[in-house]
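Enquirer: Contents of entry_18.cif (mmCIF, C-alpha atoms) are given next:
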```
data_entry
#
loop_
_atom_site.label_atom_id
_atom_site.label_comp_id
_atom_site.auth_asym_id
_atom_site.auth_seq_id
_atom_site.Cartn_x
_atom_site.Cartn_y
_atom_site.Cartn_z
CA MET A 59 -25.02 26.22 -42.40
CA LYS A 60 -21.74 27.64 -43.68
CA ASN A 61 -20.00 30.58 -42.18
CA GLN A 62 -17.18 32.73 -43.45
CA ARG A 63 -14.65 30.16 -42.22
CA HIS A 64 -16.10 27.53 -44.55
CA MET A 65 -17.07 24.93 -41.99
CA HIS A 66 -20.24 23.02 -42.58
CA CYS A 67 -22.49 21.83 -39.73
CA ASP A 68 -21.80 18.21 -40.67
CA ASP A 69 -18.05 18.80 -40.37
CA VAL A 70 -18.49 20.55 -37.05
CA GLU A 71 -20.67 17.73 -35.78
CA LEU A 72 -17.87 15.29 -36.56
CA VAL A 73 -15.33 17.09 -34.42
CA LEU A 74 -17.56 18.65 -31.77
CA GLU A 75 -16.63 16.14 -29.05
CA LEU A 76 -12.96 16.31 -30.01
CA TRP A 77 -13.13 20.07 -29.70
CA GLY A 78 -14.88 19.81 -26.32
CA ASP A 79 -12.15 17.45 -25.14
CA GLY A 80 -9.39 19.85 -26.24
CA GLU A 81 -8.13 17.42 -28.85
CA LEU A 82 -8.19 19.73 -31.89
CA ASP A 83 -5.24 21.84 -32.93
CA GLY A 84 -5.41 25.61 -32.60
CA GLU A 85 -6.47 26.50 -36.14
CA ARG A 86 -9.16 23.84 -36.46
CA GLY A 87 -10.34 24.55 -32.92
CA GLU A 88 -10.70 28.23 -33.73
CA MET A 89 -12.79 27.38 -36.81
CA VAL A 90 -15.15 25.26 -34.70
CA ARG A 91 -15.43 28.01 -32.11
CA ALA A 92 -16.24 30.59 -34.79
CA HIS A 93 -18.85 28.28 -36.29
CA LEU A 94 -20.51 27.73 -32.92
CA LEU A 95 -20.78 31.47 -32.40
CA ASP A 96 -22.69 31.73 -35.67
CA CYS A 97 -24.76 28.55 -35.63
CA PRO A 98 -27.56 28.06 -33.04
CA ALA A 99 -28.20 24.43 -34.12
CA CYS A 100 -24.58 23.39 -33.48
CA ARG A 101 -24.55 25.38 -30.26
CA GLU A 102 -27.57 23.39 -29.16
CA ALA A 103 -25.81 20.14 -30.10
CA TYR A 104 -22.81 21.16 -28.04
CA ARG A 105 -25.00 22.14 -25.09
CA ASP A 106 -26.65 18.72 -25.27
CA HIS A 107 -23.22 17.08 -25.23
CA ARG A 108 -22.11 19.14 -22.21
CA ASN A 109 -25.33 18.29 -20.39
CA LEU A 110 -24.66 14.61 -20.94
CA LEU A 111 -21.16 14.95 -19.52
CA ARG A 112 -22.59 16.58 -16.41
CA TRP A 113 -24.27 13.26 -15.66
CA ILE A 114 -20.86 11.59 -15.53
CA GLU A 115 -19.69 12.26 -12.00
CA ARG A 116 -16.75 10.48 -10.42
CA PRO A 117 -17.97 8.23 -7.59
CA GLU A 118 -16.34 8.51 -4.19
CA ALA A 119 -13.22 6.33 -4.20
CA PRO A 120 -13.25 3.49 -1.64
CA ALA A 121 -11.26 4.18 1.51
CA VAL A 122 -7.66 2.98 1.46
CA PRO A 123 -6.76 0.96 4.58
CA ARG A 124 -4.31 2.82 6.83
CA ASP A 125 -1.60 0.19 6.70
CA PHE A 126 -2.01 -0.52 2.98
CA ALA A 127 1.33 0.94 1.88
CA GLU A 128 3.18 -0.94 4.62
CA ARG A 129 1.55 -4.21 3.54
CA VAL A 130 2.44 -3.63 -0.12
CA VAL A 131 6.09 -2.87 0.71
CA LEU A 132 6.38 -5.94 2.94
CA ALA A 133 4.84 -8.09 0.18
CA ALA A 134 7.37 -6.64 -2.30
CA ALA A 135 10.23 -7.38 0.12
CA ARG A 136 8.98 -10.96 0.57
CA ARG A 137 8.85 -11.38 -3.20
CA ASP A 138 12.41 -10.02 -3.47
CA ALA A 139 13.62 -12.48 -0.86
CA ALA A 140 11.82 -15.39 -2.53
CA GLU A 141 13.41 -14.52 -5.87
CA GLY A 142 16.88 -14.16 -4.39
CA ARG A 143 17.09 -10.39 -4.77
CA GLU A 144 18.16 -8.00 -2.09
CA PRO A 145 14.84 -7.02 -0.47
CA LEU A 146 13.56 -3.50 0.07
CA THR A 147 14.25 -2.04 3.46
CA ALA A 148 11.29 -2.52 5.80
CA PRO A 149 9.06 0.55 5.80
CA THR A 150 8.68 2.63 8.93
CA PRO A 151 5.35 1.49 10.44
CA ALA A 152 2.33 3.64 9.60
CA GLY A 153 1.77 6.49 12.02
CA THR A 154 5.43 6.74 13.05
CA VAL A 155 6.90 7.84 9.75
CA LEU A 156 8.94 10.94 10.42
CA ARG A 157 8.46 12.81 7.19
CA PRO A 158 10.43 15.95 6.48
CA LEU A 159 8.74 18.91 8.06
CA PRO A 160 6.89 21.05 5.53
CA ARG A 161 8.58 24.27 4.60
CA ILE A 162 6.89 27.26 6.12
CA GLU A 163 6.25 29.55 3.17
CA ARG A 164 4.91 32.44 5.21
CA PRO A 165 7.44 35.17 6.02
CA LEU A 166 8.91 35.17 9.50
CA PRO A 167 7.43 37.73 11.86
CA ALA A 168 9.14 41.08 11.88
CA GLY A 169 11.92 41.33 14.46
CA GLY A 170 12.65 37.62 14.30
CA GLY A 171 10.40 36.81 17.25
CA ALA A 172 9.35 33.29 18.18
CA VAL A 173 7.61 31.54 15.28
CA ALA A 174 4.26 30.06 16.11
CA LEU A 175 4.18 26.30 15.73
CA GLU A 176 2.54 25.17 12.52
CA GLY A 177 -0.39 22.77 12.86
CA SER A 178 1.58 19.99 11.22
CA VAL A 179 4.60 20.45 13.56
CA LEU A 180 2.65 20.48 16.81
CA PRO A 181 1.87 16.74 16.94
CA PHE A 182 5.56 16.00 16.35
CA VAL A 183 6.62 18.28 19.24
CA LEU A 184 3.95 16.77 21.52
CA ALA A 185 5.12 13.26 20.64
CA CYS A 186 8.74 14.21 21.45
CA THR A 187 7.68 15.75 24.78
CA ALA A 188 5.69 12.65 25.73
CA ALA A 189 8.61 10.40 24.82
CA ALA A 190 11.02 12.52 26.89
CA ALA A 191 8.64 12.46 29.90
CA ALA A 192 8.32 8.70 29.67
CA LEU A 193 12.11 8.33 29.49
CA LEU A 194 12.57 10.54 32.57
CA LEU A 195 10.02 8.50 34.50
CA ILE A 196 11.77 5.24 33.63
CA LEU A 197 15.17 6.69 34.59
CA SER A 198 13.96 8.01 37.93
CA ILE A 199 12.40 4.64 38.78
CA ALA A 200 15.63 2.89 37.82
CA ILE A 201 17.80 5.23 39.88
CA GLY A 202 15.47 5.02 42.87
CA ALA A 203 15.56 1.23 42.71
CA GLN A 204 19.38 1.27 42.74
CA ARG A 205 19.55 3.27 46.00
CA ARG A 206 16.96 1.24 47.84
CA PRO A 207 18.48 -1.12 50.49
CA SER A 208 18.42 -4.77 49.64
CA GLY A 209 16.59 -7.41 51.66
CA ASP A 210 19.86 -8.32 53.42
CA GLU A 211 20.52 -4.68 54.22
CA LEU A 212 17.07 -4.38 55.68
CA ARG A 213 17.50 -7.41 57.92
CA ALA A 214 17.92 -6.21 61.59
CA GLU A 215 21.39 -6.73 63.00
CA PRO A 216 21.46 -8.43 66.45
CA LEU A 217 22.28 -5.89 69.10
CA PRO A 218 24.36 -7.87 71.62
CA ALA A 219 24.82 -4.99 74.10
CA VAL A 220 21.12 -4.35 74.34
CA LEU A 221 20.39 -8.02 74.73
CA GLU A 222 23.01 -8.21 77.40
CA GLN A 223 21.44 -5.32 79.26
CA LEU A 224 18.05 -6.93 78.95
CA GLU A 225 19.47 -10.17 80.29
CA GLN A 226 20.99 -8.32 83.20
CA LEU A 227 17.75 -6.53 83.90
CA ARG A 228 15.87 -9.81 83.75
CA GLU A 229 18.37 -11.41 86.17
CA ARG A 230 18.20 -8.41 88.46
CA GLY A 231 14.47 -8.64 88.45
CA ALA A 232 14.68 -12.29 89.31
CA ASP A 233 17.09 -11.52 92.21
CA ASP A 234 14.79 -8.82 93.50
CA GLU A 235 11.92 -11.24 93.46
CA ARG A 236 13.95 -13.80 95.39
CA THR A 237 15.15 -11.14 97.85
CA GLY A 238 11.64 -9.88 98.20
CA ARG A 239 10.52 -13.30 99.20
CA MET B 187 19.16 0.29 -11.76
CA LEU B 188 17.42 1.77 -14.78
CA ALA B 189 18.17 0.59 -18.29
CA ARG B 190 19.13 4.17 -19.06
CA PRO B 191 19.42 7.18 -16.80
CA MET B 192 16.21 9.17 -16.41
CA ASP B 193 16.37 12.89 -16.94
CA ASP B 194 13.41 13.65 -14.62
CA SER B 195 11.34 15.04 -17.47
CA THR B 196 8.53 13.63 -19.58
CA LEU B 197 8.25 14.16 -23.31
CA ASP B 198 6.27 17.35 -22.90
CA GLY B 199 9.17 18.80 -20.94
CA THR B 200 7.57 18.87 -17.49
CA LEU B 201 9.35 17.36 -14.54
CA ASP B 202 7.89 14.14 -13.23
CA PRO B 203 7.68 14.64 -9.47
CA ASP B 204 7.72 10.90 -8.86
CA LEU B 205 11.12 10.19 -10.39
CA PRO B 206 13.19 10.81 -7.22
CA LEU B 207 10.98 8.30 -5.36
CA VAL B 208 11.22 5.83 -8.23
CA GLU B 209 15.01 6.02 -8.16
CA ALA B 210 15.11 5.70 -4.35
CA THR B 211 12.86 2.62 -4.61
CA LEU B 212 15.22 1.11 -7.16
CA ALA B 213 18.02 1.70 -4.67
CA GLY B 214 16.11 -0.42 -2.15
CA ASP B 215 14.44 2.30 -0.06
CA GLY B 216 11.21 0.80 1.32
CA ASP B 217 10.00 4.15 2.63
CA ALA B 218 10.26 5.68 -0.87
CA PHE B 219 8.13 2.87 -2.31
CA ALA B 220 5.65 3.28 0.57
CA GLU B 221 5.42 6.97 -0.31
CA LEU B 222 4.57 6.12 -3.94
CA VAL B 223 1.94 3.63 -2.76
CA ASP B 224 0.45 6.23 -0.41
CA ARG B 225 0.42 8.82 -3.18
CA TYR B 226 -1.38 6.73 -5.78
CA SER B 227 -3.54 4.30 -3.79
CA PRO B 228 -6.65 6.52 -3.70
CA ARG B 229 -6.47 7.02 -7.47
CA LEU B 230 -5.97 3.34 -8.23
CA PHE B 231 -8.74 2.32 -5.82
CA GLY B 232 -11.02 4.66 -7.79
CA VAL B 233 -9.93 3.26 -11.17
CA VAL B 234 -10.28 -0.36 -10.12
CA ARG B 235 -13.70 0.31 -8.64
CA GLY B 236 -14.87 0.63 -12.23
CA TYR B 237 -14.27 -3.10 -12.58
CA THR B 238 -15.45 -4.58 -9.30
CA LYS B 239 -17.49 -3.37 -6.35
CA SER B 240 -15.97 -5.86 -3.92
CA HIS B 241 -13.65 -4.01 -1.55
CA ALA B 242 -11.52 -7.12 -1.02
CA GLU B 243 -11.06 -7.54 -4.78
CA ILE B 244 -10.23 -3.86 -5.21
CA GLU B 245 -7.53 -4.15 -2.54
CA ASP B 246 -6.12 -7.32 -4.11
CA VAL B 247 -6.01 -5.80 -7.59
CA VAL B 248 -4.37 -2.57 -6.45
CA GLN B 249 -1.81 -4.45 -4.36
CA GLU B 250 -1.01 -6.71 -7.29
CA ALA B 251 -0.71 -3.68 -9.57
CA PHE B 252 1.82 -2.07 -7.22
CA LEU B 253 3.78 -5.32 -6.98
CA LYS B 254 3.87 -5.62 -10.78
CA ALA B 255 4.98 -2.01 -11.02
CA TYR B 256 7.72 -2.67 -8.47
CA SER B 257 9.00 -5.72 -10.29
CA LYS B 258 8.99 -3.84 -13.63
CA LEU B 259 10.35 -0.61 -12.22
CA GLU B 260 13.71 -1.06 -13.92
CA THR B 261 11.94 -1.05 -17.28
CA PHE B 262 10.17 2.25 -16.58
CA LYS B 263 11.81 4.60 -19.05
CA GLY B 264 10.09 7.81 -18.06
CA GLU B 265 8.54 8.20 -21.52
CA ALA B 266 5.07 8.53 -20.05
CA SER B 267 4.52 9.93 -16.57
CA PHE B 268 4.88 7.45 -13.73
CA SER B 269 1.19 7.92 -12.85
CA THR B 270 0.04 7.03 -16.39
CA TRP B 271 2.32 4.01 -16.38
CA LEU B 272 0.91 2.92 -13.02
CA VAL B 273 -2.74 3.39 -14.08
CA ARG B 274 -2.02 1.30 -17.18
CA ILE B 275 -0.76 -1.55 -15.01
CA ALA B 276 -3.79 -1.26 -12.71
CA VAL B 277 -6.26 -1.31 -15.62
CA ASN B 278 -4.59 -4.36 -17.14
CA THR B 279 -4.53 -6.12 -13.77
CA ALA B 280 -8.23 -5.38 -13.28
CA ARG B 281 -9.05 -6.69 -16.76
CA ASP B 282 -7.07 -9.85 -15.97
CA LEU B 283 -9.24 -10.26 -12.88
CA LEU B 284 -12.40 -10.05 -14.99
CA LYS B 285 -11.02 -12.70 -17.34
CA LYS B 286 -10.05 -14.93 -14.42
CA HIS B 287 -13.55 -14.70 -12.97
CA GLY B 288 -15.21 -15.40 -16.29
CA ARG B 289 -16.34 -11.82 -16.62
CA SER B 290 -14.17 -11.46 -19.67
CA PRO B 291 -14.00 -7.97 -21.13
CA VAL B 292 -15.42 -7.98 -24.62
CA THR B 293 -14.07 -5.88 -27.42
CA ALA B 294 -15.86 -4.08 -30.20
CA VAL B 295 -14.34 -6.50 -32.70
CA GLU B 296 -15.38 -9.63 -30.81
CA ASP B 297 -18.95 -8.64 -30.14
CA PRO B 298 -20.99 -7.48 -33.14
CA GLU B 299 -23.66 -6.21 -30.80
CA LEU B 300 -21.28 -3.53 -29.65
CA VAL B 301 -21.36 -1.98 -33.09
CA GLY B 302 -24.31 0.34 -32.96
CA GLY B 303 -26.73 -0.51 -30.16
CA GLU B 304 -27.74 3.03 -29.40
CA SER B 305 -31.49 3.33 -29.82
CA GLU B 306 -32.92 5.94 -32.16
CA ARG B 307 -35.07 7.20 -29.34
CA ALA B 308 -32.01 7.90 -27.20
CA LEU B 309 -30.07 9.46 -30.06
CA ASN B 310 -33.03 11.66 -30.70
CA ALA B 311 -33.31 12.85 -27.12
CA VAL B 312 -32.00 16.07 -25.66
CA ILE B 313 -30.51 15.65 -22.21
CA SER B 314 -31.26 18.09 -19.42
CA ALA B 315 -28.47 19.06 -17.07
CA PRO B 316 -28.76 17.55 -13.57
CA SER B 317 -31.05 19.52 -11.30
CA GLN B 318 -29.27 21.79 -8.86
CA GLN B 319 -31.21 20.03 -6.09
CA LEU B 320 -29.27 16.85 -6.77
CA GLU B 321 -26.26 16.31 -4.53
CA ARG B 322 -22.96 15.35 -6.11
CA HIS B 323 -23.07 11.88 -4.60
CA GLU B 324 -26.57 11.35 -6.00
CA ILE B 325 -25.33 12.15 -9.50
CA ALA B 326 -22.33 9.87 -8.92
CA SER B 327 -24.69 7.09 -7.91
CA ILE B 328 -26.65 7.50 -11.16
CA THR B 329 -23.34 7.57 -13.06
CA GLU B 330 -22.32 4.24 -11.54
CA GLU B 331 -25.69 2.71 -12.28
CA VAL B 332 -25.46 3.80 -15.93
CA LEU B 333 -21.80 2.80 -16.32
CA ASP B 334 -22.67 -0.71 -15.14
CA GLU B 335 -24.85 -1.01 -18.24
CA LEU B 336 -21.94 -0.37 -20.58
CA PRO B 337 -19.71 -3.04 -22.09
CA GLU B 338 -16.32 -3.07 -20.37
CA VAL B 339 -14.44 -1.72 -23.36
CA PHE B 340 -16.59 1.42 -23.45
CA ARG B 341 -16.69 1.81 -19.68
CA THR B 342 -12.89 1.74 -19.48
CA THR B 343 -12.50 4.37 -22.21
CA LEU B 344 -15.11 6.62 -20.65
CA VAL B 345 -13.69 6.29 -17.14
CA LEU B 346 -10.15 7.06 -18.30
CA ARG B 347 -11.34 10.13 -20.15
CA GLU B 348 -13.94 11.54 -17.74
CA PHE B 349 -12.57 10.50 -14.35
CA GLU B 350 -8.84 10.33 -15.02
CA GLU B 351 -9.00 13.22 -17.52
CA MET B 352 -6.48 11.48 -19.75
CA SER B 353 -5.76 12.69 -23.27
CA TYR B 354 -6.75 10.49 -26.23
CA GLN B 355 -3.07 9.77 -26.82
CA ASP B 356 -2.53 8.61 -23.22
CA ILE B 357 -5.63 6.40 -23.41
CA ALA B 358 -4.40 4.93 -26.71
CA ASP B 359 -0.97 4.22 -25.17
CA LEU B 360 -2.56 2.73 -22.08
CA LEU B 361 -4.91 0.41 -23.95
CA GLY B 362 -2.45 -0.36 -26.72
CA VAL B 363 -4.81 0.81 -29.48
CA SER B 364 -4.71 3.55 -32.10
CA ILE B 365 -5.85 7.06 -31.32
CA GLY B 366 -8.61 6.62 -33.93
CA THR B 367 -9.92 3.63 -32.01
CA VAL B 368 -9.99 5.68 -28.82
CA GLU B 369 -11.93 8.41 -30.58
CA SER B 370 -14.41 5.91 -31.98
CA ARG B 371 -14.83 4.07 -28.68
CA LEU B 372 -15.28 7.29 -26.77
CA PHE B 373 -17.90 8.54 -29.20
CA ARG B 374 -19.75 5.26 -28.98
CA ALA B 375 -19.32 5.03 -25.21
CA ARG B 376 -20.97 8.41 -24.76
CA ALA B 377 -23.81 7.39 -27.06
CA ARG B 378 -24.25 4.19 -25.05
CA PHE B 379 -24.13 6.16 -21.82
CA LYS B 380 -26.83 8.48 -23.14
CA GLU B 381 -28.96 5.55 -24.24
CA ALA B 382 -28.70 3.85 -20.82
CA LEU B 383 -29.29 7.12 -18.97
CA VAL B 384 -32.47 7.80 -20.94
CA ARG B 385 -33.63 4.21 -20.48
CA LEU B 386 -33.02 4.11 -16.71
CA HIS B 387 -33.98 7.72 -16.00
CA PRO B 388 -36.42 8.87 -18.69
CA GLU B 389 -37.06 12.06 -16.76
CA VAL B 390 -33.66 13.47 -17.80
CA ALA B 391 -34.56 13.54 -21.50
CA ASN B 392 -36.71 15.76 -23.65
CA GLU B 393 -37.58 13.93 -26.80
CA LEU B 394 -37.72 15.89 -30.01
CA GLY B 395 -40.28 13.62 -31.66
CA ALA B 396 -40.13 10.60 -33.90
CA ASP B 397 -40.13 12.68 -37.06
CA TYR B 398 -37.05 14.62 -36.06
CA ASP B 399 -34.31 13.66 -38.47
CA GLY B 400 -31.81 16.47 -38.44
CA PRO B 401 -28.16 16.30 -39.42
CA ARG B 402 -27.10 15.46 -35.85
CA LYS B 403 -29.06 12.24 -35.80
CA ARG B 404 -27.95 11.18 -39.28
CA ARG B 405 -24.36 11.93 -38.45
CA ARG B 406 -24.51 10.13 -35.15
CA MET B 407 -26.08 7.06 -36.68
CA LYS B 408 -23.36 7.00 -39.31
CA ARG B 409 -20.58 7.47 -36.76
CA ALA B 410 -22.01 4.83 -34.45
CA GLY B 411 -21.69 2.25 -37.22
CA GLU B 412 -18.11 3.09 -38.11
CA ASP B 413 -15.22 0.95 -37.03
CA GLY B 414 -12.42 2.54 -35.07
CA ALA B 415 -9.77 1.43 -37.50
CA THR B 416 -11.31 3.25 -40.43
CA GLY B 417 -13.71 5.76 -38.98
CA GLY B 418 -13.10 9.33 -38.02
CA GLU B 419 -10.32 10.01 -40.53
CA ALA B 420 -11.89 13.32 -41.43
CA ALA B 421 -12.21 14.19 -37.78
CA ARG B 422 -8.60 13.35 -37.04
CA LYS B 423 -7.39 15.56 -39.86
CA GLY B 424 -7.49 18.56 -37.60
CA ARG B 425 -6.29 16.81 -34.46
CA ARG B 426 -3.64 18.52 -32.45
CA ALA B 427 -0.14 17.13 -32.82
CA THR B 428 0.42 13.96 -30.84
CA LYS B 429 3.37 13.18 -28.58
CA LYS B 430 4.76 10.83 -31.18
CA ASP B 431 4.78 13.69 -33.68
CA GLY B 432 6.87 15.56 -31.15
CA GLY B 433 4.18 18.18 -30.72
CA SER B 434 2.95 20.00 -27.69
CA LYS B 435 -0.06 18.89 -25.66
CA GLU B 436 -1.42 22.37 -25.81
CA ALA B 437 -4.28 22.89 -28.26
#
```
If you took the structure in this file and wrote it as structure tokens, what would it be?
Expert:
Amino acid sequence: MKNQRHMHCDDVELVLELWGDGELDGERGEMVRAHLLDCPACREAYRDHRNLLRWIERPEAPAVPRDFAERVVLAAARRDAAEGREPLTAPTPAGTVLRPLPRIERPLPAGGGAVALEGSVLPFVLACTAAAAALLLILSIAIGAQRRPSGDELRAEPLPAVLEQLEQLRERGADDERTGR
Amino acid sequence: MLARPMDDSTLDGTLDPDLPLVEATLAGDGDAFAELVDRYSPRLFGVVRGYTKSHAEIEDVVQEAFLKAYSKLETFKGEASFSTWLVRIAVNTARDLLKKHGRSPVTAVEDPELVGGESERALNAVISAPSQQLERHEIASITEEVLDELPEVFRTTLVLREFEEMSYQDIADLLGVSIGTVESRLFRARARFKEALVRLHPEVANELGADYDGPRKRRRMKRAGEDGATGGEAARKGRRATKKDGGSKEA
């Protein structure tokens, strides 16, 4: 079939997939589009092609191990060292990378009130709080340990006066016993 | 450092968002390289899965691809996007793996069987769209099953086009072939995919009958027998301007 734009079905068939893939220039693409509007047979061919493409679905990509990037960077650094180049700096271990906080695009609340914590910021704040609490605990234990008396300090000092009194009491008791006899 | 300073833009004038990380990596920043690896690992794992189903092999190939990219980073000129450059390295690394394991990728030139091979019955069939009852992962499973039937050279072309949504020019650059060869391989890859789909899942096709011999079938049979180096000249006449012509990607 020929339409007013002088494209034959055979010519359209040749470029139909190119057109579907967006690979034709504007003028040629427009001619194909106009032909398809006029020609049921080529429309059917194109529908068939589209149906085929709908059977080509990207499979789920395999999961990437969590520490994969770290391992790759360390391997690159090892290769650098082996080849006498200055190695890459060691990456921050996975899970502790402090990335720049995302910019909050939403407008601030009217009146400049307290901004609610974003979901992505909250774990960072919690981690800081936990670290500070742990540090305080360690400090308090350390300070407490410093003020505790040592073993020598805890050892009881002899109390000569008391012993003397006891001795006297014992002697007096002995005298009384003798006198009593 | 780079052979020449990068201007942060690709040939089509868009900024390549990866260039700051590339430059930081070249300056020795391990975290910048880790960020690039994080950014592109899922994509490369998906690409390499087209070559091997073994998770250990996929990991090895992707790691090796990143290491090759790192060692060649100084030669990256920013002419193509960093992601295209990286996918090219991953595809070549995966093909090397196939060669190493004796699963050598064959080319259309080496294997005469690859010329043609689409049965008349398949060419003559009309494909139904997947039923709406089918889940996405079920269709993906059929896709994988059918792709496994394709010679590597066609599978690669089809995967780069349909999964990576790369332009013909990018595929040609990546595989180091002419744009006409990409067009020819893609045409033939789709015909092969259709043939395997109809063979493995006959329920998806409505046959038009053995006596059907319309222009579509004749044209397809003719195209399927053409070689990439000479075929499709008429088709390419109206192709949009390529990057090398300095044209825009827009149709």
Enquirer: Skip segment 354-359 of chain B itself and residues of its chain fewer than 2 positions away, then list as a PyMOL selection string all residues within 9 Å of it, counting all atoms listed in the file.
Expert: (chain A and resi 79+81) or (chain B and resi 266+270+274+343+346-347+352+361-369+428-429)
Enquirer: Using all atoms listed in the file, pick whichever of A:Ile114, A:Met89, A:Leu184, A:Leu74 has the shortest atom-to-atom distance to chain B.
Expert: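 Once distances to chain B are computed over all atoms listed in the file, the minimum belongs to A:Ile114.
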Enquirer: How many Å lie between atom CA of Val390 of chain B and atom CA of Arg101 of chain A, rounded to one decimal?
Expert: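 Calculated distance between atom CA of Val390 of chain B and atom CA of Arg101 of chain A is 19.5 Å.
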Enquirer: Chain A residues within 6 Å of chain B, counting all atoms listed in the file: which ones, as a CSV table (one decimal) with C-alpha atoms, in the coordinates of the input?
Expert:
```
chain,number,residue,atom,x,y,z
A,72,LEU,CA,-17.9,15.3,-36.6
A,73,VAL,CA,-15.3,17.1,-34.4
A,81,GLU,CA,-8.1,17.4,-28.8
A,82,LEU,CA,-8.2,19.7,-31.9
A,83,ASP,CA,-5.2,21.8,-32.9
A,84,GLY,CA,-5.4,25.6,-32.6
A,86,ARG,CA,-9.2,23.8,-36.5
A,106,ASP,CA,-26.6,18.7,-25.3
A,109,ASN,CA,-25.3,18.3,-20.4
A,114,ILE,CA,-20.9,11.6,-15.5
A,115,GLU,CA,-19.7,12.3,-12.0
A,116,ARG,CA,-16.8,10.5,-10.4
A,117,PRO,CA,-18.0,8.2,-7.6
A,119,ALA,CA,-13.2,6.3,-4.2
A,127,ALA,CA,1.3,0.9,1.9
A,146,LEU,CA,13.6,-3.5,0.1
A,147,THR,CA,14.2,-2.0,3.5
A,148,ALA,CA,11.3,-2.5,5.8
A,149,PRO,CA,9.1,0.6,5.8
```
Enquirer: What is the atom CA of Arg371 of chain B-atom CA of Ala280 of chain B distance in Å, reported with one decimal?
Expert: 19.2 Å
Enquirer: Can you measure atom CA of Ser240 of chain B to atom CA of Asp204 of chain B for me? One decimal in Å is fine.
Expert: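 So the two atoms, atom CA of Ser240 of chain B and atom CA of Asp204 of chain B, lie 29.4 Å apart.
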Enquirer: With all atoms listed in the file as the atoms that count, which of A:Val122, A:Leu110, A:Ala140, A:Ile199 lies nearest to Ala375 of chain B?
Expert: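 The answer is A:Leu110, which sits nearest to Ala375 of chain B.
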Enquirer: Could you spell out the hits of the PyMOL selection byres ((chain A and resi 128) around 8) on the shown file, as a list in words?
Expert: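 When the PyMOL selection byres ((chain A and resi 128) around 8) is applied to the shown file, the picked residues are Asp125, Phe126, Ala127, Arg129, Val130, Val131, Leu132, Pro149, Thr150, Pro151 and Ala152 of chain A; Ala220 of chain B.
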Enquirer: For each of B:Gln318, B:Ser370, B:Asn310, B:Thr342, take the minimum atom-to-atom distance to Ala103 of chain A, counting only C-alpha atoms, then give the residue where this is smallest.
Expert: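 Nearest to Ala103 of chain A: B:Asn310.
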Enquirer: Determine the nearest neighbour of Gly78 of chain A from the options A:Arg108, A:Ala134, A:Ala92, A:Glu102, counting all atoms listed in the file.
Expert: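 Looking at the shortest contact to Gly78 of chain A, the residue is A:Arg108.
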